[in-house]
Amino acid sequence: MRSTATRTRLAAAAATAGIVVLAGCSSSGSSDKASAASCEPAKGKVTLQYWNTVPGMDKVVDLWNKQHPNVQVQTKNISNDQYGTLGNALKANKAPDLAQVGYDELPNLRTQSAFVDASACKAATAAKSKFVPWTWSQTSFGDTGVFAIPQDTGPMALYVRSDLFKKYNVAVPTTWDEYATAAEKLHKADPSLDMTFFDPNNAEWFNGLLWQNNAKMYGYSGGKWQVSVESAQSKQVADYWQKLISEKVVRTDLAHGSTQMYAAYQKDQLATYVGAAWGYSMFRDNLPKQSGKWSIVPMPTWGANGSSGDWGGSTVAFMKGSKHLYESVEFNTWLNTDPDALALENKLGGLYPAATAGLDLPALKQGVPYYGNEKIFDVFADASKKIDTSFAWGPTQKTVNLALQDALAKAAAGSGTLDDALATAQAAALKSMKDQAIPATAGK
């Protein structure tokens with residue numbers, strides 16, 4: 001979660017070869033490799049620090065603390081400036097034992113030697129079988145270690161104001177072509193009604209759209225990173241949304257999770273929301289009067305391409321400097337595999353678990369009252385099976401995202417196009433890697 005209302009979770013399954021190389025690019029060498037001695041249980045009581053952005057996580061931690069009097073955990077919510085706060089703590093050598101880190105931020109922090117390898121702890125390596133495989137491959141950096149435990153994922157779907165579609169006799173779209181047609185029909189029927197909003201300052205969301213279209217932003221071969229941010233698949237997505245923006249059937253003046261965004265939905269000015277599994281609690285908690293008016297359906301597809309996208313998702317990382325690795329592993333695995341913990345995290349924070357057992361939680365098998373008692377998590381479960389697991393993040397993703405956002409904002413304001421934004425992001429990726437002496441070349 002980037003703020004109290006906005007979650008930035010999951011990134012994609014990074015290609016194993018690329019991640020191995022990334023580990024090799026780290027300046028840490030073997031300094032972040034946990035030693036056997038470092039995984040021995042502490043003598044006496046232990047207090048761990050765990051920083052995160054999840055609403056209600058303090059209640060989950062309370063449950064642990066009641067059950068484990070000798071290993072107490074203190075939690076701190078860093079929603080207001082997640083990575084700024086974490087970065088400052090790392091520079092000051094005051095990082096917590098554990099911290100929430102998005103999948104897409106793992107490579108960037110890895111190059112900064114931010115993590116400790118917990119693979120010396122048998123419980124850490126044994127946890128691999130408890131998680132969706134592609135999430136584990138991200139946290140282990142291609143089986144070179146265990147730097148984090150997967151927490152949640154963000155398979156994407158389409159949130160629909162079904163009452164508005166019914167009112168104007170418009171069919172709920174199943175493809176992106178149908179989505180554009182429906183946008184025109186709804187806006188024509190009610191000029192104050194737009195299909196959705198395009199937030200130019202949310203690169204993670206836009207990346208999820210690219211991911212769905214099987215865009216390969218990064219790859220690795222021949223000893224170099226292949227950067228293809230502006231691939232043909234990426235341009236197809238950019239051109240599509242550029243057309244919707246130009247036709248003024250989507251808004252560009254709303255920030256995700258903002259008061260203004262919720263106000264627009266409350267006033268029936270927006271008919272859909274393209275979001276991730278964790279978003280279900282946002283509408284439930286912020287728009288209670290619209291209970292029963294929303295449905296969640298599969299994300300529109302690109303013709304015969306039935307792939308899904310992913311937006312957001314996080315891990316709980318083992319931070320460099322922790323003096324209690326054994327206890328950190330113990331708490332981290334409990335936090336992300338224990339049924340009671342997972343149920344609370346889903347109920348209070350809207351987390352969609354990365355643990356395979358978490359997908360069988362009773363709460364994820366039942367209808368959700370706010371959504372007309374629909375079994376919405378069946379939609380997300382199906383979407384998660386259709387995600388391109390070869391999608392990879394680059395080692396300088398944060399820099400690339402910032403460049404992309406800046407260019408997207410200019411395009412939304414009428415200066416340039418979304419295609420231009422892709423070119424800007426491509427150039428930023430190549431330059432940032434060159435600046436860090438990471439071998440890279442433009443891919444196809």
# chains A, B, ... in the order shown; residues from 1 in each chain; ligands from 1
>>> closest_atom_pairs(of="region 105-187 of chain A", to="region 204-211 of chain A", cutoff="12 Å", atoms="only C-alpha atoms", output="JSON lines")
{"residue": "A:Glu105", "atom": "CA", "partner": "A:Glu204", "partner_atom": "CA", "distance": 10.9}
{"residue": "A:Gly154", "atom": "CA", "partner": "A:Gly208", "partner_atom": "CA", "distance": 9.4}
{"residue": "A:Pro155", "atom": "CA", "partner": "A:Gly208", "partner_atom": "CA", "distance": 9.0}
{"residue": "A:Met156", "atom": "CA", "partner": "A:Gly208", "partner_atom": "CA", "distance": 7.9}
{"residue": "A:Ala157", "atom": "CA", "partner": "A:Leu209", "partner_atom": "CA", "distance": 10.8}
{"residue": "A:Leu158", "atom": "CA", "partner": "A:Leu209", "partner_atom": "CA", "distance": 11.9}
{"residue": "A:Trp176", "atom": "CA", "partner": "A:Leu209", "partner_atom": "CA", "distance": 11.2}
>>> atom_distance(atom1="CA of Asp406 (chain A)", atom2="CA of Val229 (chain A)")
15.4 Å
>>> residues_around(residues="Leu402 (chain A)", least_positions_apart="4", cutoff="10 Å", atoms="only C-alpha atoms", output="list in words")
Asn201, Asn202, Ala203, Gln397, Lys398, Asp406, Ala407, Leu408, Ala425 and Ala428 of chain A
>>> closest_residue(among="A:Gly313, A:Pro362, A:Gly275, A:Gly372", to="Ser162 (chain A)", atoms="only C-alpha atoms")
A:Gly372
>>> closest_residue(among="A:Gln112, A:Asn214, A:Gln266, A:Gln67", to="Gly309 (chain A)", atoms="only C-alpha atoms")
A:Asn214
>>> closest_residue(among="A:Ser295, A:Ser137, A:Ser307, A:Asn80", to="Lys375 (chain A)", atoms="only C-alpha atoms")
A:Ser295
>>> select_by_dssp(residues="region 157-221 of chain A", states="strand (DSSP E or B)", output="PyMOL selection string")
chain A and resi 157-161+175+194+196-197+218-221
>>> atom_distance(atom1="CA of Gly223 (chain A)", atom2="CA of Ala440 (chain A)")
8.5 Å
>>> atom_distance(atom1="CA of Arg284 (chain A)", atom2="CA of Tyr265 (chain A)")
12.3 Å
>>> closest_residue(among="A:Tyr159, A:Phe283, A:Tyr220, A:Phe198", to="Pro395 (chain A)", atoms="only C-alpha atoms")
A:Tyr220
>>> closest_residue(among="A:Gly279, A:Leu106, A:Ala127, A:Ala413", to="Glu330 (chain A)", atoms="only C-alpha atoms")
A:Ala127
>>> select_by_dssp(residues="region 344-425 of chain A", states="helix (DSSP H, G or I)", output="number ranges by chain")
A: 344-349, 357-360, 362-364, 369-371, 376-384, 397-412, 418-425
>>> closest_residue(among="A:Leu418, A:Val46, A:Val400, A:Ile296", to="Asp239 (chain A)", atoms="only C-alpha atoms")
A:Leu418
>>> closest_atom_pairs(of="region 249-298 of chain A", to="region 336-352 of chain A", cutoff="7 Å", atoms="only C-alpha atoms", output="tab-separated table")
residue	atom	partner	partner_atom	distance
A:Ala277	CA	A:Tyr352	CA	6.3
A:Trp278	CA	A:Gly350	CA	4.9
A:Tyr280	CA	A:Gly350	CA	7.0
A:Ser281	CA	A:Gly350	CA	5.5
>>> write_last_selection(atoms="C-alpha atoms", output="short mmCIF file (atom, residue, chain, number, x, y, z; two decimals), in the first residue's frame")
data_model
loop_
_atom_site.label_atom_id
_atom_site.label_comp_id
_atom_site.auth_asym_id
_atom_site.auth_seq_id
_atom_site.Cartn_x
_atom_site.Cartn_y
_atom_site.Cartn_z
CA ALA A 277 -8.11 -8.39 -5.69
CA TRP A 278 -7.11 -6.23 -2.73
CA TYR A 280 -12.53 -5.16 -2.96
CA SER A 281 -12.27 -3.75 0.57
#
>>> residues_around(residues="Ala442 (chain A)", least_positions_apart="5", cutoff="12 Å", atoms="only C-alpha atoms", output="ChimeraX atom specification")
/A:216-221,224-231,423,425-431,433-434
>>> residues_around(residues="Phe115 (chain A)", least_positions_apart="4", cutoff="8 Å", atoms="only C-alpha atoms", output="mmCIF file with N, CA, C and O atoms, in the first residue's frame")
data_model
loop_
_atom_site.group_PDB
_atom_site.id
_atom_site.type_symbol
_atom_site.label_atom_id
_atom_site.label_comp_id
_atom_site.auth_asym_id
_atom_site.auth_seq_id
_atom_site.Cartn_x
_atom_site.Cartn_y
_atom_site.Cartn_z
ATOM 1 N N ASP A 32 25.532 -10.481 2.629
ATOM 2 C CA ASP A 32 24.168 -10.625 3.093
ATOM 3 C C ASP A 32 23.773 -12.097 3.194
ATOM 4 O O ASP A 32 22.612 -12.424 3.309
ATOM 5 N N LEU A 109 16.017 -2.927 -4.191
ATOM 6 C CA LEU A 109 16.596 -2.964 -2.849
ATOM 7 C C LEU A 109 17.681 -4.030 -2.728
ATOM 8 O O LEU A 109 18.609 -3.896 -1.940
ATOM 9 N N ARG A 110 17.562 -5.072 -3.526
ATOM 10 C CA ARG A 110 18.591 -6.119 -3.505
ATOM 11 C C ARG A 110 19.938 -5.547 -3.938
ATOM 12 O O ARG A 110 20.982 -5.883 -3.371
ATOM 13 N N PHE A 147 15.204 -14.252 0.731
ATOM 14 C CA PHE A 147 15.332 -12.872 1.181
ATOM 15 C C PHE A 147 14.016 -12.284 1.673
ATOM 16 O O PHE A 147 13.994 -11.220 2.291
ATOM 17 N N ALA A 317 10.068 -8.900 3.914
ATOM 18 C CA ALA A 317 11.496 -9.125 3.688
ATOM 19 C C ALA A 317 12.301 -9.171 4.973
ATOM 20 O O ALA A 317 11.967 -8.500 5.968
ATOM 21 N N PHE A 318 13.362 -9.966 4.943
ATOM 22 C CA PHE A 318 14.311 -10.041 6.053
ATOM 23 C C PHE A 318 15.337 -8.929 5.859
ATOM 24 O O PHE A 318 16.156 -8.982 4.941
ATOM 25 N N MET A 319 15.297 -7.933 6.714
ATOM 26 C CA MET A 319 16.126 -6.760 6.515
ATOM 27 C C MET A 319 17.528 -6.913 7.104
ATOM 28 O O MET A 319 17.715 -7.527 8.167
ATOM 29 N N LYS A 320 18.466 -6.339 6.402
ATOM 30 C CA LYS A 320 19.867 -6.375 6.832
ATOM 31 C C LYS A 320 20.030 -5.731 8.206
ATOM 32 O O LYS A 320 19.451 -4.688 8.489
#
>>> decode(residues="region 145-158 of chain A", atoms="all heavy atoms", output="mmCIF file, in the first residue's frame")
data_model
loop_
_atom_site.group_PDB
_atom_site.id
_atom_site.type_symbol
_atom_site.label_atom_id
_atom_site.label_comp_id
_atom_site.auth_asym_id
_atom_site.auth_seq_id
_atom_site.Cartn_x
_atom_site.Cartn_y
_atom_site.Cartn_z
ATOM 1 N N GLY A 145 18.784 -17.897 -2.504
ATOM 2 C CA GLY A 145 18.596 -17.629 -1.091
ATOM 3 C C GLY A 145 17.130 -17.398 -0.790
ATOM 4 O O GLY A 145 16.264 -17.579 -1.638
ATOM 5 N N VAL A 146 16.869 -16.990 0.453
ATOM 6 C CA VAL A 146 15.509 -16.634 0.862
ATOM 7 C C VAL A 146 15.587 -15.249 1.487
ATOM 8 O O VAL A 146 16.020 -15.092 2.622
ATOM 9 C CB VAL A 146 14.933 -17.648 1.870
ATOM 10 C CG1 VAL A 146 13.506 -17.247 2.260
ATOM 11 C CG2 VAL A 146 14.937 -19.050 1.291
ATOM 12 N N PHE A 147 15.204 -14.252 0.731
ATOM 13 C CA PHE A 147 15.332 -12.872 1.181
ATOM 14 C C PHE A 147 14.016 -12.284 1.673
ATOM 15 O O PHE A 147 13.994 -11.220 2.291
ATOM 16 C CB PHE A 147 15.896 -12.009 0.055
ATOM 17 C CG PHE A 147 17.265 -12.458 -0.388
ATOM 18 C CD1 PHE A 147 17.418 -13.412 -1.383
ATOM 19 C CD2 PHE A 147 18.405 -11.956 0.221
ATOM 20 C CE1 PHE A 147 18.677 -13.843 -1.778
ATOM 21 C CE2 PHE A 147 19.673 -12.385 -0.161
ATOM 22 C CZ PHE A 147 19.809 -13.330 -1.162
ATOM 23 N N ALA A 148 12.933 -12.989 1.391
ATOM 24 C CA ALA A 148 11.621 -12.524 1.816
ATOM 25 C C ALA A 148 10.642 -13.686 1.726
ATOM 26 O O ALA A 148 10.908 -14.698 1.076
ATOM 27 C CB ALA A 148 11.144 -11.368 0.933
ATOM 28 N N ILE A 149 9.514 -13.526 2.380
ATOM 29 C CA ILE A 149 8.434 -14.505 2.304
ATOM 30 C C ILE A 149 7.264 -13.844 1.570
ATOM 31 O O ILE A 149 6.875 -12.722 1.914
ATOM 32 C CB ILE A 149 7.980 -14.947 3.709
ATOM 33 C CG1 ILE A 149 9.119 -15.635 4.467
ATOM 34 C CG2 ILE A 149 6.757 -15.856 3.628
ATOM 35 C CD1 ILE A 149 9.515 -16.979 3.915
ATOM 36 N N PRO A 150 6.697 -14.484 0.567
ATOM 37 C CA PRO A 150 5.558 -13.884 -0.134
ATOM 38 C C PRO A 150 4.393 -13.627 0.822
ATOM 39 O O PRO A 150 4.163 -14.414 1.747
ATOM 40 C CB PRO A 150 5.185 -14.956 -1.168
ATOM 41 C CG PRO A 150 6.428 -15.772 -1.343
ATOM 42 C CD PRO A 150 7.064 -15.797 0.006
ATOM 43 N N GLN A 151 3.675 -12.537 0.597
ATOM 44 C CA GLN A 151 2.535 -12.235 1.461
ATOM 45 C C GLN A 151 1.217 -12.268 0.693
ATOM 46 O O GLN A 151 0.302 -12.987 1.053
ATOM 47 C CB GLN A 151 2.704 -10.872 2.137
ATOM 48 C CG GLN A 151 1.581 -10.559 3.119
ATOM 49 C CD GLN A 151 1.903 -9.392 4.031
ATOM 50 O OE1 GLN A 151 1.891 -8.250 3.624
ATOM 51 N NE2 GLN A 151 2.190 -9.699 5.295
ATOM 52 N N ASP A 152 1.108 -11.452 -0.341
ATOM 53 C CA ASP A 152 -0.141 -11.431 -1.085
ATOM 54 C C ASP A 152 0.118 -11.151 -2.554
ATOM 55 O O ASP A 152 1.232 -10.816 -2.953
ATOM 56 C CB ASP A 152 -1.104 -10.398 -0.497
ATOM 57 C CG ASP A 152 -0.694 -8.974 -0.814
ATOM 58 O OD1 ASP A 152 0.464 -8.618 -0.527
ATOM 59 O OD2 ASP A 152 -1.516 -8.210 -1.335
ATOM 60 N N THR A 153 -0.922 -11.319 -3.350
ATOM 61 C CA THR A 153 -0.836 -11.059 -4.777
ATOM 62 C C THR A 153 -1.988 -10.150 -5.187
ATOM 63 O O THR A 153 -2.896 -9.893 -4.409
ATOM 64 C CB THR A 153 -0.884 -12.368 -5.592
ATOM 65 O OG1 THR A 153 -2.141 -13.012 -5.358
ATOM 66 C CG2 THR A 153 0.237 -13.307 -5.193
ATOM 67 N N GLY A 154 -1.962 -9.696 -6.437
ATOM 68 C CA GLY A 154 -2.985 -8.757 -6.903
ATOM 69 C C GLY A 154 -3.535 -9.065 -8.270
ATOM 70 O O GLY A 154 -3.457 -8.226 -9.166
ATOM 71 N N PRO A 155 -4.114 -10.264 -8.493
ATOM 72 C CA PRO A 155 -4.718 -10.548 -9.795
ATOM 73 C C PRO A 155 -5.801 -9.519 -10.099
ATOM 74 O O PRO A 155 -6.566 -9.123 -9.221
ATOM 75 C CB PRO A 155 -5.297 -11.952 -9.625
ATOM 76 C CG PRO A 155 -5.430 -12.155 -8.146
ATOM 77 C CD PRO A 155 -4.299 -11.381 -7.548
ATOM 78 N N MET A 156 -5.859 -9.084 -11.350
ATOM 79 C CA MET A 156 -6.753 -7.996 -11.723
ATOM 80 C C MET A 156 -8.081 -8.486 -12.302
ATOM 81 O O MET A 156 -8.171 -9.577 -12.847
ATOM 82 C CB MET A 156 -6.055 -7.074 -12.723
ATOM 83 C CG MET A 156 -4.811 -6.409 -12.162
ATOM 84 S SD MET A 156 -3.919 -5.403 -13.381
ATOM 85 C CE MET A 156 -4.976 -3.941 -13.435
ATOM 86 N N ALA A 157 -9.100 -7.637 -12.144
ATOM 87 C CA ALA A 157 -10.435 -7.922 -12.662
ATOM 88 C C ALA A 157 -11.129 -6.595 -12.913
ATOM 89 O O ALA A 157 -10.560 -5.518 -12.690
ATOM 90 C CB ALA A 157 -11.230 -8.777 -11.674
ATOM 91 N N LEU A 158 -12.367 -6.667 -13.369
ATOM 92 C CA LEU A 158 -13.141 -5.464 -13.661
ATOM 93 C C LEU A 158 -14.269 -5.318 -12.648
ATOM 94 O O LEU A 158 -15.123 -6.199 -12.525
ATOM 95 C CB LEU A 158 -13.723 -5.525 -15.078
ATOM 96 C CG LEU A 158 -14.497 -4.279 -15.537
ATOM 97 C CD1 LEU A 158 -13.548 -3.090 -15.684
ATOM 98 C CD2 LEU A 158 -15.217 -4.558 -16.857
#
